[in-house]
$ cat structure33.pdb   # PDB, C-alpha atoms
ATOM      1  CA  MET X   1      26.360 -72.571 -58.915
ATOM      2  CA  THR X   2      28.900 -75.433 -59.119
ATOM      3  CA  ASN X   3      30.726 -76.984 -62.122
ATOM      4  CA  GLY X   4      28.703 -74.864 -64.546
ATOM      5  CA  ALA X   5      25.390 -76.315 -63.352
ATOM      6  CA  ALA X   6      22.348 -74.061 -63.141
ATOM      7  CA  PRO X   7      21.566 -72.825 -59.613
ATOM      8  CA  THR X   8      18.465 -74.079 -57.854
ATOM      9  CA  ILE X   9      15.318 -71.988 -57.882
ATOM     10  CA  ALA X  10      15.876 -71.208 -54.198
ATOM     11  CA  ASP X  11      19.478 -70.058 -54.782
ATOM     12  CA  ALA X  12      18.430 -67.879 -57.725
ATOM     13  CA  ILE X  13      15.703 -66.301 -55.593
ATOM     14  CA  GLU X  14      18.225 -65.456 -52.858
ATOM     15  CA  ASP X  15      20.510 -63.876 -55.482
ATOM     16  CA  PHE X  16      17.517 -61.888 -56.713
ATOM     17  CA  PHE X  17      16.741 -60.501 -53.253
ATOM     18  CA  ASP X  18      20.411 -59.791 -52.550
ATOM     19  CA  ASN X  19      20.435 -57.517 -55.600
ATOM     20  CA  LEU X  20      16.945 -56.071 -55.206
ATOM     21  CA  ARG X  21      17.081 -52.341 -54.531
ATOM     22  CA  LEU X  22      13.798 -51.570 -52.835
ATOM     23  CA  SER X  23      12.706 -50.176 -49.492
ATOM     24  CA  PRO X  24      12.588 -52.744 -46.662
ATOM     25  CA  ARG X  25       8.792 -52.660 -46.719
ATOM     26  CA  SER X  26       8.576 -53.257 -50.495
ATOM     27  CA  LYS X  27      11.210 -55.967 -50.236
ATOM     28  CA  LYS X  28       9.139 -57.718 -47.582
ATOM     29  CA  THR X  29       6.054 -57.512 -49.828
ATOM     30  CA  TYR X  30       7.997 -59.004 -52.746
ATOM     31  CA  ARG X  31       9.400 -61.752 -50.512
ATOM     32  CA  THR X  32       5.877 -62.738 -49.458
ATOM     33  CA  ALA X  33       4.732 -62.823 -53.097
ATOM     34  CA  VAL X  34       7.671 -64.934 -54.287
ATOM     35  CA  THR X  35       7.152 -67.340 -51.383
ATOM     36  CA  LYS X  36       3.530 -67.783 -52.500
ATOM     37  CA  PHE X  37       4.816 -68.490 -56.003
ATOM     38  CA  THR X  38       7.272 -71.169 -54.819
ATOM     39  CA  GLU X  39       4.528 -72.798 -52.736
ATOM     40  CA  HIS X  40       2.385 -72.844 -55.880
ATOM     41  CA  LEU X  41       5.238 -74.533 -57.776
ATOM     42  CA  LYS X  42       5.399 -77.269 -55.139
ATOM     43  CA  GLU X  43       1.664 -77.907 -54.972
ATOM     44  CA  ARG X  44       0.771 -77.660 -58.661
ATOM     45  CA  PHE X  45       3.930 -78.783 -60.439
ATOM     46  CA  ASP X  46       5.831 -80.813 -57.835
ATOM     47  CA  LEU X  47       8.811 -78.458 -58.230
ATOM     48  CA  ASP X  48      10.902 -78.228 -55.078
ATOM     49  CA  PRO X  49      12.761 -74.875 -55.163
ATOM     50  CA  ALA X  50      15.503 -76.296 -52.939
ATOM     51  CA  THR X  51      16.455 -79.013 -55.449
ATOM     52  CA  SER X  52      14.965 -78.032 -58.826
ATOM     53  CA  PRO X  53      17.218 -76.062 -61.215
ATOM     54  CA  VAL X  54      16.106 -72.545 -62.046
ATOM     55  CA  THR X  55      15.979 -73.583 -65.716
ATOM     56  CA  ALA X  56      12.921 -75.688 -64.865
ATOM     57  CA  LEU X  57      10.855 -72.492 -64.606
ATOM     58  CA  THR X  58       8.613 -71.585 -67.541
ATOM     59  CA  GLU X  59       6.222 -68.797 -68.471
ATOM     60  CA  ASP X  60       3.338 -71.235 -67.912
ATOM     61  CA  HIS X  61       4.205 -71.427 -64.217
ATOM     62  CA  VAL X  62       3.497 -67.706 -63.883
ATOM     63  CA  THR X  63       0.261 -67.715 -65.882
ATOM     64  CA  ASP X  64      -1.021 -70.654 -63.839
ATOM     65  CA  PHE X  65      -0.101 -68.804 -60.652
ATOM     66  CA  VAL X  66      -1.931 -65.683 -61.782
ATOM     67  CA  ALA X  67      -5.007 -67.693 -62.817
ATOM     68  CA  ALA X  68      -5.156 -69.184 -59.314
ATOM     69  CA  LEU X  69      -5.005 -65.725 -57.701
ATOM     70  CA  MET X  70      -7.432 -63.767 -59.863
ATOM     71  CA  PRO X  71     -11.088 -63.456 -58.861
ATOM     72  CA  ASP X  72     -13.779 -64.540 -61.324
ATOM     73  CA  ASP X  73     -15.002 -60.953 -61.524
ATOM     74  CA  VAL X  74     -14.037 -57.547 -60.150
ATOM     75  CA  ARG X  75     -17.206 -56.018 -58.792
ATOM     76  CA  SER X  76     -17.317 -56.371 -55.030
ATOM     77  CA  PRO X  77     -14.830 -54.837 -52.548
ATOM     78  CA  GLU X  78     -13.569 -58.351 -51.785
ATOM     79  CA  GLU X  79     -12.904 -59.022 -55.472
ATOM     80  CA  VAL X  80     -11.142 -55.675 -55.848
ATOM     81  CA  SER X  81      -8.936 -56.600 -52.893
ATOM     82  CA  ARG X  82      -8.116 -59.990 -54.458
ATOM     83  CA  MET X  83      -7.327 -58.305 -57.769
ATOM     84  CA  ARG X  84      -4.956 -55.879 -56.099
ATOM     85  CA  THR X  85      -3.223 -58.775 -54.331
ATOM     86  CA  ALA X  86      -2.906 -60.637 -57.630
ATOM     87  CA  GLN X  87      -1.347 -57.582 -59.268
ATOM     88  CA  THR X  88       1.153 -57.184 -56.432
ATOM     89  CA  ASN X  89       2.140 -60.861 -56.548
ATOM     90  CA  LEU X  90       2.441 -60.766 -60.313
ATOM     91  CA  ALA X  91       4.685 -57.673 -60.182
ATOM     92  CA  ALA X  92       7.079 -59.467 -57.829
ATOM     93  CA  VAL X  93       7.255 -62.655 -59.900
ATOM     94  CA  ARG X  94       7.702 -60.729 -63.157
ATOM     95  CA  LYS X  95      10.572 -58.827 -61.587
ATOM     96  CA  LEU X  96      12.124 -62.149 -60.551
ATOM     97  CA  TYR X  97      11.819 -63.501 -64.093
ATOM     98  CA  ALA X  98      13.290 -60.298 -65.532
ATOM     99  CA  TYR X  99      16.256 -60.742 -63.174
ATOM    100  CA  LEU X 100      16.785 -64.340 -64.319
ATOM    101  CA  VAL X 101      16.818 -63.236 -67.945
ATOM    102  CA  SER X 102      19.017 -60.177 -67.403
ATOM    103  CA  TYR X 103      21.682 -62.136 -65.524
ATOM    104  CA  ASP X 104      21.628 -65.107 -67.936
ATOM    105  CA  LEU X 105      20.461 -67.472 -65.224
ATOM    106  CA  HIS X 106      17.729 -68.787 -67.518
ATOM    107  CA  PRO X 107      18.451 -68.074 -71.207
ATOM    108  CA  ASN X 108      15.267 -69.773 -72.427
ATOM    109  CA  LEU X 109      12.833 -67.510 -70.595
ATOM    110  CA  SER X 110      11.149 -64.715 -72.535
ATOM    111  CA  THR X 111       9.894 -61.703 -70.619
ATOM    112  CA  GLU X 112       8.146 -60.483 -73.784
ATOM    113  CA  LYS X 113       6.272 -63.766 -74.129
ATOM    114  CA  LEU X 114       5.335 -63.597 -70.454
ATOM    115  CA  ARG X 115       4.096 -60.020 -70.787
ATOM    116  CA  THR X 116       1.868 -60.912 -73.760
ATOM    117  CA  ARG X 117       0.401 -63.977 -72.074
ATOM    118  CA  VAL X 118      -0.327 -62.191 -68.825
ATOM    119  CA  ALA X 119      -1.872 -59.211 -70.646
ATOM    120  CA  ALA X 120      -4.271 -61.574 -72.414
ATOM    121  CA  MET X 121      -5.361 -63.009 -69.074
ATOM    122  CA  MET X 122      -5.815 -59.852 -67.047
ATOM    123  CA  PRO X 123      -9.204 -58.104 -67.158
ATOM    124  CA  ARG X 124      -9.371 -54.374 -67.662
ATOM    125  CA  PHE X 125      -9.083 -53.074 -64.165
ATOM    126  CA  THR X 126      -8.451 -49.630 -62.768
ATOM    127  CA  PRO X 127      -8.260 -49.632 -58.979
ATOM    128  CA  PRO X 128     -10.946 -47.445 -57.427
ATOM    129  CA  PRO X 129      -9.683 -44.292 -55.741
ATOM    130  CA  PRO X 130      -8.756 -44.709 -52.088
ATOM    131  CA  ASP X 131     -11.750 -44.240 -49.817
ATOM    132  CA  VAL X 132     -10.270 -41.399 -47.807
ATOM    133  CA  GLN X 133     -12.407 -39.604 -45.261
ATOM    134  CA  THR X 134     -10.465 -36.369 -44.849
ATOM    135  CA  ASN X 135     -12.761 -35.352 -41.998
ATOM    136  CA  ASP X 136     -11.388 -38.363 -40.058
ATOM    137  CA  LEU X 137      -7.838 -37.213 -40.729
ATOM    138  CA  ASP X 138      -8.800 -33.694 -39.666
ATOM    139  CA  ARG X 139     -10.204 -35.093 -36.405
ATOM    140  CA  ILE X 140      -6.897 -36.795 -35.656
ATOM    141  CA  VAL X 141      -4.984 -33.609 -36.473
ATOM    142  CA  GLU X 142      -7.265 -31.564 -34.234
ATOM    143  CA  TYR X 143      -6.872 -34.139 -31.469
ATOM    144  CA  VAL X 144      -3.066 -33.891 -31.437
ATOM    145  CA  ARG X 145      -3.264 -30.109 -31.707
ATOM    146  CA  THR X 146      -5.349 -29.873 -28.547
ATOM    147  CA  LEU X 147      -3.631 -32.454 -26.353
ATOM    148  CA  PRO X 148      -3.070 -30.821 -22.943
ATOM    149  CA  HIS X 149       0.387 -29.802 -21.796
ATOM    150  CA  GLU X 150       2.121 -32.459 -19.678
ATOM    151  CA  VAL X 151       4.100 -31.642 -16.534
ATOM    152  CA  ASP X 152       6.368 -34.677 -16.885
ATOM    153  CA  PRO X 153       9.114 -33.744 -19.448
ATOM    154  CA  ASP X 154       9.115 -37.156 -21.165
ATOM    155  CA  LYS X 155       5.313 -37.174 -21.518
ATOM    156  CA  GLU X 156       5.419 -33.612 -22.844
ATOM    157  CA  LEU X 157       8.063 -34.706 -25.337
ATOM    158  CA  ARG X 158       5.756 -37.470 -26.571
ATOM    159  CA  ARG X 159       2.862 -35.018 -26.903
ATOM    160  CA  LEU X 160       4.985 -32.727 -29.055
ATOM    161  CA  LYS X 161       6.274 -35.655 -31.125
ATOM    162  CA  LEU X 162       2.743 -36.829 -31.894
ATOM    163  CA  ARG X 163       1.734 -33.362 -33.066
ATOM    164  CA  ALA X 164       4.849 -32.887 -35.211
ATOM    165  CA  MET X 165       4.654 -36.363 -36.724
ATOM    166  CA  ILE X 166       0.961 -36.281 -37.658
ATOM    167  CA  LEU X 167       1.247 -32.800 -39.157
ATOM    168  CA  PHE X 168       4.342 -33.847 -41.096
ATOM    169  CA  LEU X 169       2.597 -36.940 -42.495
ATOM    170  CA  TYR X 170      -0.462 -34.944 -43.559
ATOM    171  CA  ARG X 171       1.335 -31.942 -45.029
ATOM    172  CA  THR X 172       4.156 -33.738 -46.884
ATOM    173  CA  GLY X 173       2.450 -36.950 -47.994
ATOM    174  CA  VAL X 174       5.590 -38.973 -47.232
ATOM    175  CA  ARG X 175       5.416 -42.741 -47.001
ATOM    176  CA  VAL X 176       5.930 -44.180 -43.531
ATOM    177  CA  SER X 177       9.314 -45.657 -44.504
ATOM    178  CA  GLU X 178      10.398 -42.215 -45.760
ATOM    179  CA  LEU X 179       9.309 -40.553 -42.521
ATOM    180  CA  CYS X 180      11.273 -43.081 -40.463
ATOM    181  CA  GLY X 181      14.416 -42.588 -42.561
ATOM    182  CA  LEU X 182      14.561 -38.815 -42.133
ATOM    183  CA  ARG X 183      17.420 -37.121 -40.283
ATOM    184  CA  ARG X 184      17.260 -33.581 -38.986
ATOM    185  CA  ARG X 185      19.679 -32.448 -41.695
ATOM    186  CA  ASP X 186      17.180 -33.595 -44.365
ATOM    187  CA  ILE X 187      14.626 -31.029 -43.170
ATOM    188  CA  GLN X 188      15.156 -27.397 -44.140
ATOM    189  CA  LEU X 189      13.242 -25.071 -41.841
ATOM    190  CA  ALA X 190      14.447 -22.034 -43.797
ATOM    191  CA  ASP X 191      12.176 -22.779 -46.757
ATOM    192  CA  GLY X 192       9.836 -25.526 -45.541
ATOM    193  CA  THR X 193      11.271 -28.405 -47.556
ATOM    194  CA  ALA X 194      12.533 -31.892 -46.775
ATOM    195  CA  SER X 195      14.768 -34.088 -48.931
ATOM    196  CA  ILE X 196      13.675 -37.690 -49.342
ATOM    197  CA  TYR X 197      16.600 -39.868 -50.418
ATOM    198  CA  ARG X 198      16.294 -43.268 -52.117
ATOM    199  CA  ALA X 199      12.520 -43.388 -51.882
ATOM    200  CA  LYS X 200      10.336 -45.933 -53.689
ATOM    201  CA  GLY X 201      12.066 -47.026 -56.878
ATOM    202  CA  GLY X 202      15.384 -45.647 -55.627
ATOM    203  CA  LYS X 203      14.413 -42.088 -56.555
ATOM    204  CA  SER X 204      14.882 -38.965 -54.458
ATOM    205  CA  ARG X 205      12.577 -35.977 -54.244
ATOM    206  CA  THR X 206      11.810 -32.832 -52.272
ATOM    207  CA  VAL X 207       8.603 -32.468 -50.280
ATOM    208  CA  LEU X 208       7.036 -29.345 -48.806
ATOM    209  CA  PHE X 209       5.430 -28.512 -45.480
ATOM    210  CA  ASP X 210       3.666 -25.510 -43.967
ATOM    211  CA  SER X 211       4.518 -23.084 -41.150
ATOM    212  CA  GLU X 212       2.447 -24.917 -38.529
ATOM    213  CA  THR X 213       4.390 -28.113 -39.201
ATOM    214  CA  ALA X 214       7.690 -26.239 -39.006
ATOM    215  CA  GLU X 215       6.759 -24.758 -35.632
ATOM    216  CA  ALA X 216       5.715 -28.203 -34.369
ATOM    217  CA  LEU X 217       9.072 -29.665 -35.439
ATOM    218  CA  VAL X 218      11.012 -26.889 -33.686
ATOM    219  CA  ALA X 219       9.007 -27.383 -30.472
ATOM    220  CA  TYR X 220       9.554 -31.150 -30.586
ATOM    221  CA  TRP X 221      13.307 -30.955 -31.174
ATOM    222  CA  ALA X 222      13.704 -28.303 -28.473
ATOM    223  CA  ALA X 223      11.827 -30.471 -25.970
ATOM    224  CA  ARG X 224      13.985 -33.441 -26.972
ATOM    225  CA  GLY X 225      16.987 -31.364 -25.942
ATOM    226  CA  ASP X 226      18.835 -31.489 -29.251
ATOM    227  CA  SER X 227      22.104 -29.559 -29.058
ATOM    228  CA  GLY X 228      25.652 -29.609 -30.345
ATOM    229  CA  ARG X 229      27.283 -29.777 -33.758
ATOM    230  CA  GLY X 230      26.025 -33.269 -34.540
ATOM    231  CA  VAL X 231      22.291 -32.595 -34.325
ATOM    232  CA  GLY X 232      21.931 -32.922 -38.093
ATOM    233  CA  ALA X 233      22.553 -36.658 -37.791
ATOM    234  CA  PHE X 234      19.800 -37.095 -35.189
ATOM    235  CA  PRO X 235      16.645 -38.874 -36.388
ATOM    236  CA  ALA X 236      13.893 -36.433 -37.258
ATOM    237  CA  PHE X 237      11.519 -38.587 -35.194
ATOM    238  CA  SER X 238      12.787 -40.745 -32.346
ATOM    239  CA  GLY X 239      11.521 -44.155 -31.441
ATOM    240  CA  ARG X 240      11.727 -43.377 -27.735
ATOM    241  CA  ASP X 241      10.497 -40.357 -25.824
ATOM    242  CA  LYS X 242      13.241 -39.443 -23.390
ATOM    243  CA  VAL X 243      14.567 -35.916 -22.990
ATOM    244  CA  GLY X 244      18.219 -35.590 -23.973
ATOM    245  CA  VAL X 245      18.298 -38.994 -25.704
ATOM    246  CA  PRO X 246      17.340 -38.820 -29.404
ATOM    247  CA  GLY X 247      18.090 -42.539 -29.720
ATOM    248  CA  ARG X 248      17.218 -44.488 -32.835
ATOM    249  CA  ALA X 249      14.786 -43.469 -35.534
ATOM    250  CA  ILE X 250      11.167 -44.429 -35.038
ATOM    251  CA  SER X 251      10.136 -47.644 -36.815
ATOM    252  CA  PRO X 252       7.253 -48.034 -39.296
ATOM    253  CA  ARG X 253       5.553 -50.483 -36.933
ATOM    254  CA  THR X 254       5.660 -47.926 -34.104
ATOM    255  CA  VAL X 255       4.188 -45.215 -36.346
ATOM    256  CA  GLU X 256       1.378 -47.568 -37.362
ATOM    257  CA  HIS X 257       0.701 -48.388 -33.714
ATOM    258  CA  ILE X 258       0.620 -44.698 -32.760
ATOM    259  CA  VAL X 259      -1.827 -43.848 -35.558
ATOM    260  CA  ALA X 260      -4.087 -46.740 -34.490
ATOM    261  CA  GLN X 261      -4.034 -45.454 -30.892
ATOM    262  CA  LEU X 262      -4.856 -41.928 -32.034
ATOM    263  CA  CYS X 263      -7.835 -43.217 -34.022
ATOM    264  CA  VAL X 264      -9.287 -44.729 -30.855
ATOM    265  CA  ALA X 265      -8.516 -41.643 -28.772
ATOM    266  CA  ALA X 266     -10.007 -39.264 -31.369
ATOM    267  CA  GLY X 267     -13.119 -41.411 -31.844
ATOM    268  CA  VAL X 268     -12.375 -42.292 -35.477
ATOM    269  CA  GLU X 269     -14.046 -45.569 -36.479
ATOM    270  CA  ASN X 270     -12.854 -45.870 -40.081
ATOM    271  CA  PRO X 271      -9.538 -47.705 -40.541
ATOM    272  CA  ILE X 272      -6.751 -45.101 -40.763
ATOM    273  CA  THR X 273      -3.082 -45.915 -41.363
ATOM    274  CA  PRO X 274      -0.034 -43.666 -41.817
ATOM    275  CA  HIS X 275      -0.528 -44.063 -45.582
ATOM    276  CA  SER X 276      -4.035 -42.602 -45.263
ATOM    277  CA  PHE X 277      -2.456 -39.185 -44.685
ATOM    278  CA  ARG X 278      -0.719 -39.501 -48.060
ATOM    279  CA  HIS X 279      -4.058 -40.212 -49.737
ATOM    280  CA  GLY X 280      -5.571 -37.389 -47.735
ATOM    281  CA  LEU X 281      -2.994 -34.878 -48.922
ATOM    282  CA  ALA X 282      -3.643 -35.855 -52.553
ATOM    283  CA  THR X 283      -7.388 -35.469 -52.033
ATOM    284  CA  GLU X 284      -6.917 -32.072 -50.387
ATOM    285  CA  LEU X 285      -4.611 -30.845 -53.144
ATOM    286  CA  VAL X 286      -7.175 -31.841 -55.792
ATOM    287  CA  ARG X 287      -9.925 -30.139 -53.834
ATOM    288  CA  ARG X 288      -7.837 -26.971 -53.861
ATOM    289  CA  ARG X 289      -7.433 -27.229 -57.652
ATOM    290  CA  VAL X 290      -3.702 -28.050 -57.639
ATOM    291  CA  ARG X 291      -2.581 -29.295 -61.059
ATOM    292  CA  GLU X 292      -2.244 -33.048 -61.599
ATOM    293  CA  SER X 293       1.408 -32.707 -62.609
ATOM    294  CA  THR X 294       2.134 -30.874 -59.359
ATOM    295  CA  VAL X 295       0.383 -33.562 -57.317
ATOM    296  CA  GLN X 296       2.468 -36.164 -59.159
ATOM    297  CA  THR X 297       5.674 -34.329 -58.232
ATOM    298  CA  ILE X 298       4.671 -33.895 -54.593
ATOM    299  CA  LEU X 299       3.752 -37.562 -54.196
ATOM    300  CA  GLY X 300       6.818 -38.744 -56.100
ATOM    301  CA  HIS X 301       5.033 -40.894 -58.672
ATOM    302  CA  ALA X 302       7.077 -42.048 -61.651
ATOM    303  CA  SER X 303       3.961 -42.310 -63.807
ATOM    304  CA  PRO X 304       0.957 -39.999 -64.078
ATOM    305  CA  THR X 305      -1.170 -43.159 -64.277
ATOM    306  CA  THR X 306      -0.397 -43.819 -60.619
ATOM    307  CA  THR X 307      -1.305 -40.251 -59.711
ATOM    308  CA  ARG X 308      -4.692 -40.593 -61.412
ATOM    309  CA  ILE X 309      -5.614 -43.295 -58.901
ATOM    310  CA  TYR X 310      -5.340 -40.570 -56.254
ATOM    311  CA  VAL X 311      -6.492 -37.632 -58.331
ATOM    312  CA  HIS X 312     -10.217 -38.084 -58.486
ATOM    313  CA  LYS X 313     -13.347 -36.103 -57.967
ATOM    314  CA  VAL X 314     -13.815 -36.485 -54.265
ATOM    315  CA  ALA X 315     -17.179 -37.726 -53.033
ATOM    316  CA  ALA X 316     -18.042 -34.400 -51.433
ATOM    317  CA  GLU X 317     -17.679 -32.583 -54.760
ATOM    318  CA  VAL X 318     -19.767 -35.155 -56.614
ATOM    319  CA  ALA X 319     -22.531 -34.949 -54.006
ATOM    320  CA  GLU X 320     -22.392 -31.160 -54.129
ATOM    321  CA  GLU X 321     -22.892 -31.009 -57.881
ATOM    322  CA  TYR X 322     -25.603 -33.676 -57.803
ATOM    323  CA  GLN X 323     -27.530 -31.793 -55.136
ATOM    324  CA  GLU X 324     -27.178 -28.557 -57.079
ATOM    325  CA  ALA X 325     -29.082 -30.308 -59.860
ATOM    326  CA  PHE X 326     -31.733 -32.064 -57.754
ATOM    327  CA  GLY X 327     -31.831 -30.119 -54.516
ATOM    328  CA  PRO X 328     -30.151 -30.666 -51.137
ATOM    329  CA  TYR X 329     -30.408 -34.097 -49.578
ATOM    330  CA  ARG X 330     -32.485 -34.369 -46.395
ATOM    331  CA  ARG X 331     -32.103 -37.363 -44.168
ATOM    332  CA  PRO X 332     -35.502 -39.073 -43.718
ATOM    333  CA  LEU X 333     -37.128 -39.003 -40.306
ATOM    334  CA  GLY X 334     -36.317 -42.049 -38.216
ATOM    335  CA  ALA X 335     -33.345 -43.050 -40.382
TER     336      ALA X 335
END
$ encode --input "structure33.pdb" --output "structure tokens"
Amino acid sequence: MTNGAAPTIADAIEDFFDNLRLSPRSKKTYRTAVTKFTEHLKERFDLDPATSPVTALTEDHVTDFVAALMPDDVRSPEEVSRMRTAQTNLAAVRKLYAYLVSYDLHPNLSTEKLRTRVAAMMPRFTPPPPDVQTNDLDRIVEYVRTLPHEVDPDKELRRLKLRAMILFLYRTGVRVSELCGLRRRDIQLADGTASIYRAKGGKSRTVLFDSETAEALVAYWAARGDSGRGVGAFPAFSGRDKVGVPGRAISPRTVEHIVAQLCVAAGVENPITPHSFRHGLATELVRRRVRESTVQTILGHASPTTTRIYVHKVAAEVAEEYQEAFGPYRRPLGA
């Protein structure tokens, strides 16, 4: 800002991202959404973010943007996907507007007015529960459990890392960014807990894991050759598989690539991502009658509403009860 003039839209957006306290992945998602919004401003309103003052923004710009994103209906999987994208983009732009108001960059904006207008536009929509096939996740787990021992030390190290990482994802329900940020000192083998610092929303929490996961971690770290007083600072999961060199922490992209490779190797056709293990843990906890509030704590949700997207009657249970009423289903001959 110079001589008391309002900053440009582009400058205000950069200030917003400089002060945004989110995980790198969430920040990237928000950046993509805000970029879509600025492109919409150019095309629909001839507003160039590089030269237009931030005070040129209005609530109508957001409602027009949302109207362009929303599907006509929310019935098909494609429409559900579009609706989810619209919600994500809207969340980012609303956060930007809230920042402009809070820091007096645009005194004429009203977040309350924006909230009311957007609420009137949005259809009632509860995202369907994630379509998680826990048997696919179990196949991947079984695959890494039964990988044969490797003679080459570096290949054996990778085998042990895969087992430890997949078990840790499935038993803790951590997000991929949280997994990649873990140091050895964050994981307590004495009681099977791990501390997640500055997770989504800047909040910290404690997650749990089982004995099998603990044993897999110990085997992996031993094969990596961890030793000395500074081991606590080593990444829990390395990006490279070289004995005696813990190196840098594994990246989210590498984890995603590994999971995709394991799907192919284990013969899993459904799309599985690292986040699928988080959904899978929630589904398994519900199946085992764990209380909703406990699931919320384990997953680290700020609101129980978010947890209820995960906490659902799984398809297997529904089919079971239905078939109890009408008899077991028999696949027709030739089908």
$ atom_distance --input "structure33.pdb" --atom1 "CA of Val74 in chain X" --atom2 "CA of Ala120 in chain X"
16.2 Å
$ residues_around --input "structure33.pdb" --residues "range 232-246 of chain X" --least-positions-apart "4" --cutoff "7 Å" --atoms "all atoms listed in the file" --output "ChimeraX atom specification"
/X:153-154,157-158,180,182-185,223-226,250-251
$ residues_around --input "structure33.pdb" --residues "Phe16 in chain X" --least-positions-apart "3" --cutoff "7 Å" --atoms "all atoms listed in the file" --output "PyMOL selection string"
chain X and resi 12-13+19-20+96+99
$ resolve_selection --input "structure33.pdb" --expression "the PyMOL selection byres ((chain X and resi 65) around 12)" --output "number ranges by chain"
X: 33-45, 58-64, 66-70, 86-87, 89-90, 93-94, 118, 121
$ write_last_selection --input "structure33.pdb" --atoms "C-alpha atoms" --output "PDB file, in the coordinates of the input"
ATOM      1  CA  ALA X  33       4.732 -62.823 -53.097  1.00  0.00           C
ATOM      2  CA  VAL X  34       7.671 -64.934 -54.287  1.00  0.00           C
ATOM      3  CA  THR X  35       7.152 -67.340 -51.383  1.00  0.00           C
ATOM      4  CA  LYS X  36       3.530 -67.783 -52.500  1.00  0.00           C
ATOM      5  CA  PHE X  37       4.816 -68.490 -56.003  1.00  0.00           C
ATOM      6  CA  THR X  38       7.272 -71.169 -54.819  1.00  0.00           C
ATOM      7  CA  GLU X  39       4.528 -72.798 -52.736  1.00  0.00           C
ATOM      8  CA  HIS X  40       2.385 -72.844 -55.880  1.00  0.00           C
ATOM      9  CA  LEU X  41       5.238 -74.533 -57.776  1.00  0.00           C
ATOM     10  CA  LYS X  42       5.399 -77.269 -55.139  1.00  0.00           C
ATOM     11  CA  GLU X  43       1.664 -77.907 -54.972  1.00  0.00           C
ATOM     12  CA  ARG X  44       0.771 -77.660 -58.661  1.00  0.00           C
ATOM     13  CA  PHE X  45       3.930 -78.783 -60.439  1.00  0.00           C
ATOM     14  CA  THR X  58       8.613 -71.585 -67.541  1.00  0.00           C
ATOM     15  CA  GLU X  59       6.222 -68.797 -68.471  1.00  0.00           C
ATOM     16  CA  ASP X  60       3.338 -71.235 -67.912  1.00  0.00           C
ATOM     17  CA  HIS X  61       4.205 -71.427 -64.217  1.00  0.00           C
ATOM     18  CA  VAL X  62       3.497 -67.706 -63.883  1.00  0.00           C
ATOM     19  CA  THR X  63       0.261 -67.715 -65.882  1.00  0.00           C
ATOM     20  CA  ASP X  64      -1.021 -70.654 -63.839  1.00  0.00           C
ATOM     21  CA  VAL X  66      -1.931 -65.683 -61.782  1.00  0.00           C
ATOM     22  CA  ALA X  67      -5.007 -67.693 -62.817  1.00  0.00           C
ATOM     23  CA  ALA X  68      -5.156 -69.184 -59.314  1.00  0.00           C
ATOM     24  CA  LEU X  69      -5.005 -65.725 -57.701  1.00  0.00           C
ATOM     25  CA  MET X  70      -7.432 -63.767 -59.863  1.00  0.00           C
ATOM     26  CA  ALA X  86      -2.906 -60.637 -57.630  1.00  0.00           C
ATOM     27  CA  GLN X  87      -1.347 -57.582 -59.268  1.00  0.00           C
ATOM     28  CA  ASN X  89       2.140 -60.861 -56.548  1.00  0.00           C
ATOM     29  CA  LEU X  90       2.441 -60.766 -60.313  1.00  0.00           C
ATOM     30  CA  VAL X  93       7.255 -62.655 -59.900  1.00  0.00           C
ATOM     31  CA  ARG X  94       7.702 -60.729 -63.157  1.00  0.00           C
ATOM     32  CA  VAL X 118      -0.327 -62.191 -68.825  1.00  0.00           C
ATOM     33  CA  MET X 121      -5.361 -63.009 -69.074  1.00  0.00           C
TER      34      MET X 121
END
$ closest_residue --input "structure33.pdb" --among "X:Lys27, X:Arg159, X:His257, X:Arg82" --to "Val144 in chain X" --atoms "all atoms listed in the file"
X:Arg159
